[in-house]
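Next comes target23.cif, a file with mmCIF, C-alpha atoms.
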data_model
#
loop_
_atom_site.group_PDB
_atom_site.id
_atom_site.type_symbol
_atom_site.label_atom_id
_atom_site.label_comp_id
_atom_site.auth_asym_id
_atom_site.auth_seq_id
_atom_site.Cartn_x
_atom_site.Cartn_y
_atom_site.Cartn_z
ATOM 1 C CA GLY A 2 11.949 -16.557 7.293
ATOM 2 C CA GLN A 3 14.477 -17.957 4.857
ATOM 3 C CA PHE A 4 16.684 -16.486 2.170
ATOM 4 C CA ALA A 5 19.444 -17.466 -0.234
ATOM 5 C CA PHE A 6 21.437 -15.654 -2.869
ATOM 6 C CA VAL A 7 23.997 -16.414 -5.566
ATOM 7 C CA LEU A 8 26.442 -13.836 -6.898
ATOM 8 C CA SER A 9 28.878 -14.642 -9.695
ATOM 9 C CA THR A 10 30.362 -13.052 -12.777
ATOM 10 C CA SER A 11 27.479 -14.430 -14.888
ATOM 11 C CA LYS A 12 24.403 -13.816 -12.727
ATOM 12 C CA PHE A 13 22.811 -12.534 -9.526
ATOM 13 C CA GLU A 14 20.028 -14.591 -7.920
ATOM 14 C CA LEU A 15 18.062 -13.922 -4.723
ATOM 15 C CA ILE A 16 15.348 -16.008 -3.010
ATOM 16 C CA VAL A 17 13.455 -14.713 0.039
ATOM 17 C CA GLY A 18 10.534 -16.092 2.060
ATOM 18 C CA ALA A 19 8.946 -14.923 5.312
ATOM 19 C CA GLN A 20 5.865 -15.631 7.415
ATOM 20 C CA LEU A 21 4.469 -13.363 10.119
ATOM 21 C CA SER A 22 2.035 -14.876 12.607
ATOM 22 C CA LEU A 23 -0.456 -12.541 14.276
ATOM 23 C CA GLY A 24 -1.691 -15.169 16.688
ATOM 24 C CA ALA A 25 -5.482 -15.402 16.815
ATOM 25 C CA LEU A 26 -5.702 -12.484 14.362
ATOM 26 C CA GLY A 27 -4.214 -14.390 11.421
ATOM 27 C CA HIS A 28 -0.998 -14.287 9.417
ATOM 28 C CA VAL A 29 0.865 -12.585 6.585
ATOM 29 C CA ASN A 30 3.141 -14.479 4.165
ATOM 30 C CA ALA A 31 5.582 -13.031 1.633
ATOM 31 C CA ALA A 32 8.003 -14.643 -0.819
ATOM 32 C CA GLY A 33 10.127 -13.285 -3.627
ATOM 33 C CA ALA A 34 12.754 -14.364 -6.140
ATOM 34 C CA LEU A 35 14.919 -12.449 -8.590
ATOM 35 C CA ARG A 36 17.489 -13.448 -11.190
ATOM 36 C CA ILE A 37 19.535 -11.102 -13.379
ATOM 37 C CA ASP A 38 21.885 -12.437 -16.046
ATOM 38 C CA SER A 39 22.945 -11.739 -19.621
ATOM 39 C CA ASP A 40 19.534 -12.857 -20.960
ATOM 40 C CA GLY A 41 17.588 -10.324 -18.877
ATOM 41 C CA LEU A 42 15.590 -10.141 -15.646
ATOM 42 C CA VAL A 43 13.214 -12.728 -14.182
ATOM 43 C CA GLY A 44 11.362 -12.099 -10.936
ATOM 44 C CA ARG A 45 8.385 -13.110 -8.808
ATOM 45 C CA VAL A 46 6.732 -11.723 -5.658
ATOM 46 C CA ALA A 47 3.836 -13.463 -3.858
ATOM 47 C CA LEU A 48 1.829 -12.241 -0.848
ATOM 48 C CA GLU A 49 -0.861 -13.852 1.306
ATOM 49 C CA LEU A 50 -3.058 -12.213 3.955
ATOM 50 C CA ASP A 51 -5.484 -13.869 6.364
ATOM 51 C CA PHE A 52 -6.824 -11.437 8.979
ATOM 52 C CA ASP A 53 -9.657 -12.189 11.397
ATOM 53 C CA VAL A 54 -10.569 -9.656 14.074
ATOM 54 C CA GLY A 55 -13.266 -12.059 15.220
ATOM 55 C CA ARG A 56 -15.712 -11.192 17.924
ATOM 56 C CA SER A 57 -14.402 -7.676 18.538
ATOM 57 C CA ILE A 58 -15.792 -6.161 15.340
ATOM 58 C CA GLY A 59 -16.587 -9.241 13.238
ATOM 59 C CA LEU A 60 -14.218 -8.477 10.352
ATOM 60 C CA GLN A 61 -12.455 -11.070 8.201
ATOM 61 C CA VAL A 62 -10.062 -10.175 5.376
ATOM 62 C CA LYS A 63 -8.366 -12.695 3.091
ATOM 63 C CA GLY A 64 -6.355 -12.060 -0.029
ATOM 64 C CA ASP A 65 -3.317 -12.801 -2.087
ATOM 65 C CA ALA A 66 -1.285 -11.049 -4.738
ATOM 66 C CA LEU A 67 1.187 -12.219 -7.366
ATOM 67 C CA PHE A 68 3.645 -10.285 -9.528
ATOM 68 C CA GLU A 69 5.800 -11.930 -12.214
ATOM 69 C CA ILE A 70 8.159 -10.390 -14.750
ATOM 70 C CA ASN A 71 10.327 -11.901 -17.490
ATOM 71 C CA THR A 72 12.203 -9.561 -19.808
ATOM 72 C CA THR A 73 13.793 -12.374 -21.828
ATOM 73 C CA SER A 74 12.334 -13.780 -25.046
ATOM 74 C CA ALA A 75 11.676 -17.317 -23.712
ATOM 75 C CA VAL A 76 9.983 -19.099 -20.802
ATOM 76 C CA GLN A 77 12.334 -19.148 -17.809
ATOM 77 C CA SER A 78 12.531 -21.527 -14.819
ATOM 78 C CA LEU A 79 12.943 -19.826 -11.440
ATOM 79 C CA SER A 80 13.479 -21.271 -7.956
ATOM 80 C CA VAL A 81 11.019 -19.733 -5.486
ATOM 81 C CA PHE A 82 9.662 -20.269 -1.982
ATOM 82 C CA ASP A 83 6.000 -21.296 -1.893
ATOM 83 C CA PHE A 84 3.586 -21.417 1.043
ATOM 84 C CA LYS A 85 2.578 -24.785 2.472
ATOM 85 C CA PRO A 86 -1.176 -25.156 3.231
ATOM 86 C CA GLY A 87 -0.489 -25.911 6.900
ATOM 87 C CA GLY A 88 2.217 -23.281 7.289
ATOM 88 C CA GLY A 89 5.889 -23.119 6.431
ATOM 89 C CA LEU A 90 7.832 -22.610 3.221
ATOM 90 C CA GLU A 91 8.974 -25.025 0.548
ATOM 91 C CA LEU A 92 11.358 -24.518 -2.364
ATOM 92 C CA GLN A 93 9.836 -25.032 -5.802
ATOM 93 C CA THR A 94 10.742 -24.438 -9.422
ATOM 94 C CA ILE A 95 8.181 -22.614 -11.564
ATOM 95 C CA ASN A 96 8.081 -21.465 -15.180
ATOM 96 C CA ILE A 97 7.547 -17.781 -15.940
ATOM 97 C CA ALA A 98 6.445 -16.742 -19.429
ATOM 98 C CA PRO A 99 7.876 -13.624 -21.114
ATOM 99 C CA GLY A 100 6.114 -10.407 -20.151
ATOM 100 C CA VAL A 101 4.403 -9.170 -16.995
ATOM 101 C CA LEU A 102 1.704 -10.760 -14.848
ATOM 102 C CA VAL A 103 -0.156 -9.046 -11.977
ATOM 103 C CA ARG A 104 -2.922 -10.895 -10.111
ATOM 104 C CA ILE A 105 -4.802 -9.682 -7.035
ATOM 105 C CA LYS A 106 -7.784 -11.299 -5.346
ATOM 106 C CA GLY A 107 -9.424 -11.008 -1.975
ATOM 107 C CA SER A 108 -12.546 -11.181 0.150
ATOM 108 C CA ILE A 109 -14.039 -9.277 3.067
ATOM 109 C CA VAL A 110 -16.713 -10.505 5.473
ATOM 110 C CA PHE A 111 -18.238 -8.154 8.033
ATOM 111 C CA LEU A 112 -20.494 -9.413 10.830
ATOM 112 C CA ASP A 113 -21.644 -12.268 8.553
ATOM 113 C CA LYS A 114 -23.946 -9.687 6.961
ATOM 114 C CA LEU A 115 -21.808 -8.229 4.199
ATOM 115 C CA GLU A 116 -19.486 -10.212 1.953
ATOM 116 C CA ALA A 117 -17.424 -8.811 -0.912
ATOM 117 C CA THR A 118 -15.029 -10.621 -3.239
ATOM 118 C CA ALA A 119 -12.898 -9.269 -6.064
ATOM 119 C CA ARG A 120 -10.259 -10.457 -8.519
ATOM 120 C CA VAL A 121 -8.220 -8.635 -11.145
ATOM 121 C CA GLU A 122 -5.507 -9.954 -13.455
ATOM 122 C CA LEU A 123 -3.250 -8.016 -15.808
ATOM 123 C CA ILE A 124 -1.065 -9.770 -18.398
ATOM 124 C CA TYR A 125 1.265 -8.045 -20.855
ATOM 125 C CA ARG A 126 2.798 -10.307 -23.493
ATOM 126 C CA ASN A 127 3.696 -10.019 -27.185
ATOM 127 C CA SER A 128 2.736 -6.314 -27.331
ATOM 128 C CA GLU A 129 -0.739 -7.092 -25.987
ATOM 129 C CA LEU A 130 -2.259 -6.071 -22.640
ATOM 130 C CA ARG A 131 -5.143 -8.152 -21.286
ATOM 131 C CA ILE A 132 -7.097 -7.187 -18.166
ATOM 132 C CA THR A 133 -9.712 -9.484 -16.617
ATOM 133 C CA GLY A 134 -11.611 -9.138 -13.392
ATOM 134 C CA ASP A 135 -14.765 -9.842 -11.458
ATOM 135 C CA ALA A 136 -16.374 -8.653 -8.254
ATOM 136 C CA SER A 137 -19.461 -9.325 -6.170
ATOM 137 C CA ILE A 138 -21.103 -7.807 -3.113
ATOM 138 C CA SER A 139 -23.709 -9.629 -1.019
ATOM 139 C CA VAL A 140 -25.719 -8.047 1.777
ATOM 140 C CA ALA A 141 -27.772 -10.375 3.957
ATOM 141 C CA GLY A 142 -31.475 -9.768 3.516
ATOM 142 C CA LEU A 143 -31.011 -7.420 0.541
ATOM 143 C CA GLY A 144 -29.280 -9.242 -2.314
ATOM 144 C CA THR A 145 -26.223 -9.544 -4.524
ATOM 145 C CA VAL A 146 -24.543 -7.411 -7.196
ATOM 146 C CA SER A 147 -21.893 -8.986 -9.450
ATOM 147 C CA PHE A 148 -19.643 -7.651 -12.220
ATOM 148 C CA LYS A 149 -17.232 -9.137 -14.804
ATOM 149 C CA MET A 150 -14.775 -7.501 -17.193
ATOM 150 C CA ASP A 151 -12.423 -8.609 -19.970
ATOM 151 C CA ALA A 152 -10.356 -6.131 -22.000
ATOM 152 C CA ILE A 153 -7.671 -6.436 -24.689
ATOM 153 C CA ILE A 154 -5.397 -3.627 -25.881
ATOM 154 C CA ASN A 155 -2.942 -4.213 -28.720
ATOM 155 C CA PRO A 156 -1.646 -2.395 -31.826
ATOM 156 C CA SER A 157 -4.780 -3.500 -33.740
ATOM 157 C CA GLY A 158 -7.187 -1.709 -31.405
ATOM 158 C CA PHE A 159 -9.276 -2.157 -28.268
ATOM 159 C CA VAL A 160 -11.718 -4.883 -27.224
ATOM 160 C CA LEU A 161 -13.914 -4.685 -24.108
ATOM 161 C CA GLY A 162 -16.529 -6.933 -22.570
ATOM 162 C CA THR A 163 -18.387 -6.177 -19.317
ATOM 163 C CA THR A 164 -21.434 -7.718 -17.670
ATOM 164 C CA PHE A 165 -23.319 -7.068 -14.439
ATOM 165 C CA ASN A 166 -26.160 -8.732 -12.566
ATOM 166 C CA VAL A 167 -28.389 -7.498 -9.750
ATOM 167 C CA ASP A 168 -30.627 -9.696 -7.609
ATOM 168 C CA ALA A 169 -32.010 -7.766 -4.656
ATOM 169 C CA GLY A 170 -35.141 -7.278 -2.641
ATOM 170 C CA ILE A 171 -36.755 -6.360 0.646
ATOM 171 C CA GLY A 172 -38.304 -9.434 2.224
ATOM 172 C CA ASN A 173 -41.005 -10.945 0.024
ATOM 173 C CA PHE A 174 -42.499 -7.569 -0.847
ATOM 174 C CA ILE A 175 -40.119 -5.908 -3.308
ATOM 175 C CA LYS A 176 -37.895 -7.751 -5.793
ATOM 176 C CA ILE A 177 -35.394 -6.172 -8.190
ATOM 177 C CA GLN A 178 -33.581 -8.157 -10.864
ATOM 178 C CA GLY A 179 -31.394 -6.736 -13.594
ATOM 179 C CA GLU A 180 -28.578 -7.488 -15.967
ATOM 180 C CA GLY A 181 -26.556 -5.638 -18.548
ATOM 181 C CA ARG A 182 -23.605 -5.951 -20.857
ATOM 182 C CA LEU A 183 -21.293 -3.789 -22.929
ATOM 183 C CA PHE A 184 -19.123 -5.134 -25.767
ATOM 184 C CA ILE A 185 -16.812 -3.007 -27.930
ATOM 185 C CA ASN A 186 -14.396 -4.100 -30.666
ATOM 186 C CA THR A 187 -12.429 -1.450 -32.565
ATOM 187 C CA THR A 188 -10.217 -3.970 -34.411
ATOM 188 C CA SER A 189 -10.767 -5.197 -37.970
ATOM 189 C CA SER A 190 -11.314 -8.843 -36.977
ATOM 190 C CA GLN A 191 -13.648 -10.828 -34.736
ATOM 191 C CA GLN A 192 -12.438 -11.060 -31.116
ATOM 192 C CA TRP A 193 -13.420 -13.179 -28.095
ATOM 193 C CA VAL A 194 -13.988 -11.722 -24.609
ATOM 194 C CA LEU A 195 -15.957 -13.224 -21.710
ATOM 195 C CA GLY A 196 -16.536 -16.317 -23.830
ATOM 196 C CA GLN A 197 -18.420 -14.362 -26.492
ATOM 197 C CA ALA A 198 -17.489 -13.511 -30.065
ATOM 198 C CA VAL A 199 -17.538 -9.766 -30.775
ATOM 199 C CA ALA A 200 -17.855 -8.700 -34.408
ATOM 200 C CA ARG A 201 -15.195 -6.436 -35.894
ATOM 201 C CA ASN A 202 -15.692 -2.671 -35.590
ATOM 202 C CA SER A 203 -18.808 -3.044 -33.452
ATOM 203 C CA ALA A 204 -20.419 -1.935 -30.201
ATOM 204 C CA ASP A 205 -23.290 -3.582 -28.320
ATOM 205 C CA ILE A 206 -25.079 -2.300 -25.198
ATOM 206 C CA TYR A 207 -27.791 -4.354 -23.507
ATOM 207 C CA LEU A 208 -29.925 -3.666 -20.420
ATOM 208 C CA ALA A 209 -32.786 -5.679 -18.926
ATOM 209 C CA GLY A 210 -34.570 -5.471 -15.617
ATOM 210 C CA LYS A 211 -37.616 -6.434 -13.611
ATOM 211 C CA LEU A 212 -39.261 -4.792 -10.600
ATOM 212 C CA THR A 213 -41.914 -6.664 -8.645
ATOM 213 C CA ILE A 214 -44.042 -5.321 -5.790
ATOM 214 C CA VAL A 215 -46.026 -8.259 -4.461
ATOM 215 C CA ASN A 216 -49.699 -8.340 -5.453
ATOM 216 C CA PHE A 217 -49.462 -4.797 -6.843
ATOM 217 C CA LEU A 218 -47.060 -4.031 -9.684
ATOM 218 C CA GLU A 219 -44.693 -5.804 -12.064
ATOM 219 C CA LEU A 220 -42.449 -3.881 -14.482
ATOM 220 C CA GLU A 221 -40.150 -5.381 -17.118
ATOM 221 C CA PHE A 222 -37.721 -3.558 -19.415
ATOM 222 C CA TYR A 223 -35.381 -4.615 -22.209
ATOM 223 C CA GLY A 224 -33.192 -2.347 -24.322
ATOM 224 C CA ARG A 225 -30.371 -2.880 -26.802
ATOM 225 C CA LEU A 226 -28.227 -0.457 -28.782
ATOM 226 C CA GLN A 227 -25.884 -1.932 -31.387
ATOM 227 C CA MET A 228 -23.421 -0.636 -33.978
ATOM 228 C CA GLY A 229 -22.054 -3.058 -36.570
ATOM 229 C CA GLY A 230 -22.362 -6.841 -36.530
ATOM 230 C CA THR A 231 -25.560 -8.865 -36.947
ATOM 231 C CA PHE A 232 -28.649 -7.100 -35.600
ATOM 232 C CA SER A 233 -31.595 -9.258 -34.435
ATOM 233 C CA ARG A 234 -35.042 -7.700 -34.667
ATOM 234 C CA PRO A 235 -37.676 -8.748 -32.082
ATOM 235 C CA ALA A 236 -39.430 -11.990 -33.095
ATOM 236 C CA ASP A 237 -42.802 -10.761 -31.814
ATOM 237 C CA VAL A 238 -42.641 -7.721 -34.113
ATOM 238 C CA VAL A 239 -41.227 -9.244 -37.320
ATOM 239 C CA VAL A 240 -43.358 -12.174 -38.483
ATOM 240 C CA GLU A 241 -41.262 -13.578 -41.324
ATOM 241 C CA SER A 242 -38.000 -15.156 -40.101
ATOM 242 C CA GLN A 243 -35.950 -14.002 -43.143
ATOM 243 C CA TYR A 244 -36.313 -10.397 -41.996
ATOM 244 C CA ARG A 245 -35.380 -10.923 -38.338
ATOM 245 C CA GLU A 246 -31.639 -10.363 -38.832
ATOM 246 C CA ALA A 247 -29.731 -7.623 -40.606
ATOM 247 C CA ALA A 248 -26.029 -7.011 -41.170
ATOM 248 C CA LEU A 249 -25.106 -3.559 -39.888
ATOM 249 C CA GLY A 250 -22.297 -1.518 -41.392
ATOM 250 C CA THR A 251 -19.599 -0.019 -39.195
ATOM 251 C CA THR A 252 -21.501 3.286 -39.057
ATOM 252 C CA GLU A 253 -25.031 1.836 -38.838
ATOM 253 C CA TRP A 254 -26.992 1.488 -35.609
ATOM 254 C CA GLY A 255 -29.797 -0.796 -34.460
ATOM 255 C CA VAL A 256 -32.076 -0.171 -31.468
ATOM 256 C CA VAL A 257 -34.554 -2.468 -29.703
ATOM 257 C CA ILE A 258 -36.804 -1.372 -26.824
ATOM 258 C CA SER A 259 -39.379 -3.479 -25.014
ATOM 259 C CA ALA A 260 -41.383 -2.651 -21.895
ATOM 260 C CA LYS A 261 -44.224 -4.291 -20.039
ATOM 261 C CA ALA A 262 -46.260 -3.278 -16.986
ATOM 262 C CA GLN A 263 -48.819 -5.319 -15.079
ATOM 263 C CA LEU A 264 -50.998 -3.842 -12.321
ATOM 264 C CA PHE A 265 -52.982 -5.853 -9.755
ATOM 265 C CA ASN A 266 -52.686 -8.999 -11.930
ATOM 266 C CA PHE A 267 -55.422 -7.888 -14.288
ATOM 267 C CA ALA A 268 -54.241 -4.879 -16.350
ATOM 268 C CA THR A 269 -51.225 -5.314 -18.668
ATOM 269 C CA VAL A 270 -49.567 -2.843 -21.057
ATOM 270 C CA ALA A 271 -46.703 -3.921 -23.344
ATOM 271 C CA VAL A 272 -44.681 -2.030 -25.967
ATOM 272 C CA THR A 273 -41.987 -3.396 -28.308
ATOM 273 C CA GLY A 274 -40.182 -1.572 -31.111
ATOM 274 C CA PHE A 275 -36.971 -1.361 -33.080
#

As structure tokens, please, write out the structure in this file.
Amino acid sequence: GQFAFVLSTSKFELIVGAQLSLGALGHVNAAGALRIDSDGLVGRVALELDFDVGRSIGLQVKGDALFEINTTSAVQSLSVFDFKPGGGLELQTINIAPGVLVRIKGSIVFLDKLEATARVELIYRNSELRITGDASISVAGLGTVSFKMDAIINPSGFVLGTTFNVDAGIGNFIKIQGEGRLFINTTSSQQWVLGQAVARNSADIYLAGKLTIVNFLELEFYGRLQMGGTFSRPADVVVESQYREAALGTTEWGVVISAKAQLFNFATVAVTGF
């Protein structure tokens, strides 16, 4: 490990870096820096973990975490130790924006049959908190489930966007596919989350799925519940295009439901309404 510090009448500064080798099991790295002066406090802590139990139980864990804080009103440069790709530490200078940043990500692999990854990031700047994250779980022979989230909290209100996807099955006999999303905007202006514009004072819930049992049954479902914003009616129900969209008020709701079932490839029942 390495460390350095500066103490004077105008500031206190500390830089620390350490690496712990676990031999064939992996390693743990940690580095931190802190400066306190008349402008405020600036700090950074970084962690890395690479853990491989290997043949004993077949478990692999990798991850890293980052914490940054800047209580001043301007971007600050800070000297920190960073981790070299092949091992060791190197001194670098980075810029830290005002506010707080927390980032955590990692992955787990067990017996090459189950793999899970996750990431979450929290940023607080200019009286606004933003939280983003995603996660996925894959099980060999069964399928994958994934999830994404983006949220904003500020004095104007709350904005949330979430999506999920499911792709699973048992061999070639049963197949399950599904997706969904939830978007909420309580502010008085349009906001962007997950790359999508969300109308002011609106809420939108969407679910869709499909179940297939080979050579026997196929089920499909689609549902949407919306408050506020532009509501799209189903094209196969409304013939004239000028009536397919409607502007909903902040207390008005729109609902769309569609379902379809097919049995033995010859009998089909479908229902659509709004």

The PyMOL selection byres ((chain A and resi 6) around 10) - which residues does that actually catch in the file I just gave you? List them as a tab-separated table (two decimals) with C-alpha atoms, in the coordinates of the input.
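Below is the file that was written, selection.tsv:
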chain	number	residue	atom	x	y	z
A	4	PHE	CA	16.68	-16.49	2.17
A	5	ALA	CA	19.44	-17.47	-0.23
A	7	VAL	CA	24.00	-16.41	-5.57
A	8	LEU	CA	26.44	-13.84	-6.90
A	13	PHE	CA	22.81	-12.53	-9.53
A	14	GLU	CA	20.03	-14.59	-7.92
A	15	LEU	CA	18.06	-13.92	-4.72
A	16	ILE	CA	15.35	-16.01	-3.01
A	17	VAL	CA	13.46	-14.71	0.04
A	34	ALA	CA	12.75	-14.36	-6.14
A	35	LEU	CA	14.92	-12.45	-8.59
A	36	ARG	CA	17.49	-13.45	-11.19

Please tell me which residues are no farther than 10 Å from (-26.4, -1.8, -32.4) in the file, counting all atoms listed in the file, and write them as a PDB file with C-alpha atoms, keeping the file's coordinate frame.
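Generated output (out.pdb):
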ATOM      1  CA  SER A 203     -18.808  -3.044 -33.452  1.00  0.00           C
ATOM      2  CA  ALA A 204     -20.419  -1.935 -30.201  1.00  0.00           C
ATOM      3  CA  ASP A 205     -23.290  -3.582 -28.320  1.00  0.00           C
ATOM      4  CA  ILE A 206     -25.079  -2.300 -25.198  1.00  0.00           C
ATOM      5  CA  TYR A 207     -27.791  -4.354 -23.507  1.00  0.00           C
ATOM      6  CA  ARG A 225     -30.371  -2.880 -26.802  1.00  0.00           C
ATOM      7  CA  LEU A 226     -28.227  -0.457 -28.782  1.00  0.00           C
ATOM      8  CA  GLN A 227     -25.884  -1.932 -31.387  1.00  0.00           C
ATOM      9  CA  MET A 228     -23.421  -0.636 -33.978  1.00  0.00           C
ATOM     10  CA  GLY A 229     -22.054  -3.058 -36.570  1.00  0.00           C
ATOM     11  CA  GLY A 230     -22.362  -6.841 -36.530  1.00  0.00           C
ATOM     12  CA  THR A 231     -25.560  -8.865 -36.947  1.00  0.00           C
ATOM     13  CA  PHE A 232     -28.649  -7.100 -35.600  1.00  0.00           C
ATOM     14  CA  SER A 233     -31.595  -9.258 -34.435  1.00  0.00           C
ATOM     15  CA  LEU A 249     -25.106  -3.559 -39.888  1.00  0.00           C
ATOM     16  CA  GLY A 250     -22.297  -1.518 -41.392  1.00  0.00           C
ATOM     17  CA  THR A 251     -19.599  -0.019 -39.195  1.00  0.00           C
ATOM     18  CA  THR A 252     -21.501   3.286 -39.057  1.00  0.00           C
ATOM     19  CA  GLU A 253     -25.031   1.836 -38.838  1.00  0.00           C
ATOM     20  CA  TRP A 254     -26.992   1.488 -35.609  1.00  0.00           C
ATOM     21  CA  GLY A 255     -29.797  -0.796 -34.460  1.00  0.00           C
ATOM     22  CA  VAL A 256     -32.076  -0.171 -31.468  1.00  0.00           C
ATOM     23  CA  VAL A 257     -34.554  -2.468 -29.703  1.00  0.00           C
TER      24      VAL A 257
END

Next item on the list: Provide the CA of Tyr223 in chain A to CA of Ala260 in chain A distance in Å, to one decimal place.
Entry: 6.3 Å

Item checked: Spatial neighbours of Ile70 in chain A, max dist 10 Å, all atoms listed in the file, sep filter under 3 positions, as a ChimeraX atom specification -> /A:35,42-46,73,97-103,124-125

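Computed from the coordinates, the CA of Pro235 in chain A to CA of Ser190 in chain A distance equals 26.8 Å.
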
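If you measure from each of A:Ser259, A:Ser74, A:Thr133, A:Asn216 to Ile175 in chain A using only C-alpha atoms, the closest one turns out to be A:Asn216.
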
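For range 157-163 of chain A, the set of protein, DNA and RNA residues having any atom at most 9 Å away, when counting all atoms listed in the file and skipping those fewer than 3 positions along the same chain, is Phe148, Lys149, Met150, Asp151, Ala152, Ile153, Ile154, Gly181, Arg182, Leu183, Phe184, Ile185, Asn186, Thr187, Thr188, Ser189, Gln192, Trp193, Val194, Leu195, Gln197 and Val199 of chain A.
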
Checklist line | Given the PyMOL selection byres ((chain A and resi 264-268) around 8), the residues it picks as a PyMOL selection string | finding: chain A and resi 216-219+262-263+269-270

Please evaluate the PyMOL selection byres ((chain A and resi 179) around 8) against the displayed coordinates and give the resulting residues as a PDB file with C-alpha atoms, keeping the file's coordinate frame.
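Dumped to expr_8.pdb:
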ATOM      1  CA  ASN A 166     -26.160  -8.732 -12.566  1.00  0.00           C
ATOM      2  CA  VAL A 167     -28.389  -7.498  -9.750  1.00  0.00           C
ATOM      3  CA  ASP A 168     -30.627  -9.696  -7.609  1.00  0.00           C
ATOM      4  CA  ILE A 177     -35.394  -6.172  -8.190  1.00  0.00           C
ATOM      5  CA  GLN A 178     -33.581  -8.157 -10.864  1.00  0.00           C
ATOM      6  CA  GLU A 180     -28.578  -7.488 -15.967  1.00  0.00           C
ATOM      7  CA  GLY A 181     -26.556  -5.638 -18.548  1.00  0.00           C
ATOM      8  CA  LEU A 208     -29.925  -3.666 -20.420  1.00  0.00           C
ATOM      9  CA  ALA A 209     -32.786  -5.679 -18.926  1.00  0.00           C
ATOM     10  CA  GLY A 210     -34.570  -5.471 -15.617  1.00  0.00           C
ATOM     11  CA  LYS A 211     -37.616  -6.434 -13.611  1.00  0.00           C
TER      12      LYS A 211
END

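Using only C-alpha atoms, the nearest neighbour of Ser39 in chain A within the list A:Thr164, A:Arg126, A:Thr72, A:Gly224 is A:Thr72.
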
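Nearest to Gly64 in chain A of all the residues A:Val146, A:Ala31, A:Ile105, A:Leu220 is A:Ile105, based on all atoms listed in the file.
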
Identify the residues around (-14.5, -9.4, 2.8) within a radius of 12 Å, measuring from only C-alpha atoms in the coordinates stated by the file, and give them as a PDB file with C-alpha atoms, in the frame of the given file.
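As a result, part-v4.pdb now contains:
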ATOM      1  CA  LEU A  50      -3.058 -12.213   3.955  1.00  0.00           C
ATOM      2  CA  ASP A  51      -5.484 -13.869   6.364  1.00  0.00           C
ATOM      3  CA  PHE A  52      -6.824 -11.437   8.979  1.00  0.00           C
ATOM      4  CA  ASP A  53      -9.657 -12.189  11.397  1.00  0.00           C
ATOM      5  CA  VAL A  54     -10.569  -9.656  14.074  1.00  0.00           C
ATOM      6  CA  GLY A  59     -16.587  -9.241  13.238  1.00  0.00           C
ATOM      7  CA  LEU A  60     -14.218  -8.477  10.352  1.00  0.00           C
ATOM      8  CA  GLN A  61     -12.455 -11.070   8.201  1.00  0.00           C
ATOM      9  CA  VAL A  62     -10.062 -10.175   5.376  1.00  0.00           C
ATOM     10  CA  LYS A  63      -8.366 -12.695   3.091  1.00  0.00           C
ATOM     11  CA  GLY A  64      -6.355 -12.060  -0.029  1.00  0.00           C
ATOM     12  CA  LYS A 106      -7.784 -11.299  -5.346  1.00  0.00           C
ATOM     13  CA  GLY A 107      -9.424 -11.008  -1.975  1.00  0.00           C
ATOM     14  CA  SER A 108     -12.546 -11.181   0.150  1.00  0.00           C
ATOM     15  CA  ILE A 109     -14.039  -9.277   3.067  1.00  0.00           C
ATOM     16  CA  VAL A 110     -16.713 -10.505   5.473  1.00  0.00           C
ATOM     17  CA  PHE A 111     -18.238  -8.154   8.033  1.00  0.00           C
ATOM     18  CA  LEU A 112     -20.494  -9.413  10.830  1.00  0.00           C
ATOM     19  CA  ASP A 113     -21.644 -12.268   8.553  1.00  0.00           C
ATOM     20  CA  LYS A 114     -23.946  -9.687   6.961  1.00  0.00           C
ATOM     21  CA  LEU A 115     -21.808  -8.229   4.199  1.00  0.00           C
ATOM     22  CA  GLU A 116     -19.486 -10.212   1.953  1.00  0.00           C
ATOM     23  CA  ALA A 117     -17.424  -8.811  -0.912  1.00  0.00           C
ATOM     24  CA  THR A 118     -15.029 -10.621  -3.239  1.00  0.00           C
ATOM     25  CA  ALA A 119     -12.898  -9.269  -6.064  1.00  0.00           C
ATOM     26  CA  ALA A 136     -16.374  -8.653  -8.254  1.00  0.00           C
ATOM     27  CA  SER A 137     -19.461  -9.325  -6.170  1.00  0.00           C
ATOM     28  CA  ILE A 138     -21.103  -7.807  -3.113  1.00  0.00           C
ATOM     29  CA  SER A 139     -23.709  -9.629  -1.019  1.00  0.00           C
ATOM     30  CA  VAL A 140     -25.719  -8.047   1.777  1.00  0.00           C
TER      31      VAL A 140
END

Next item on the list: Tell me, in Å to one decimal, how far CA of Phe68 in chain A is from CA of Ala198 in chain A.
Entry: 29.6 Å

Specify the axis-aligned box that encloses all atoms of range 69-80 of chain A listed in the file after padding of 3 Å on each side, stating its centre and edge lengths in Å to one decimal as AutoDock Vina command-line options.
--center_x 9.8 --center_y -15.5 --center_z -16.5 --size_x 14.0 --size_y 18.0 --size_z 23.1

Next item on the list: Find, counting all atoms listed in the file, the residue in A:Arg234, A:Lys176, A:Lys85, A:Arg201 that gets nearest to Ala32 in chain A.
Entry: A:Lys85

Margin query: Set the distance at 8 Å and use only C-alpha atoms: which residues neighbour Gly172 in chain A once local chain neighbours fewer than 2 positions away are removed? I'd like the list as a PyMOL selection string.
Written below: chain A and resi 142-143+170+174-175
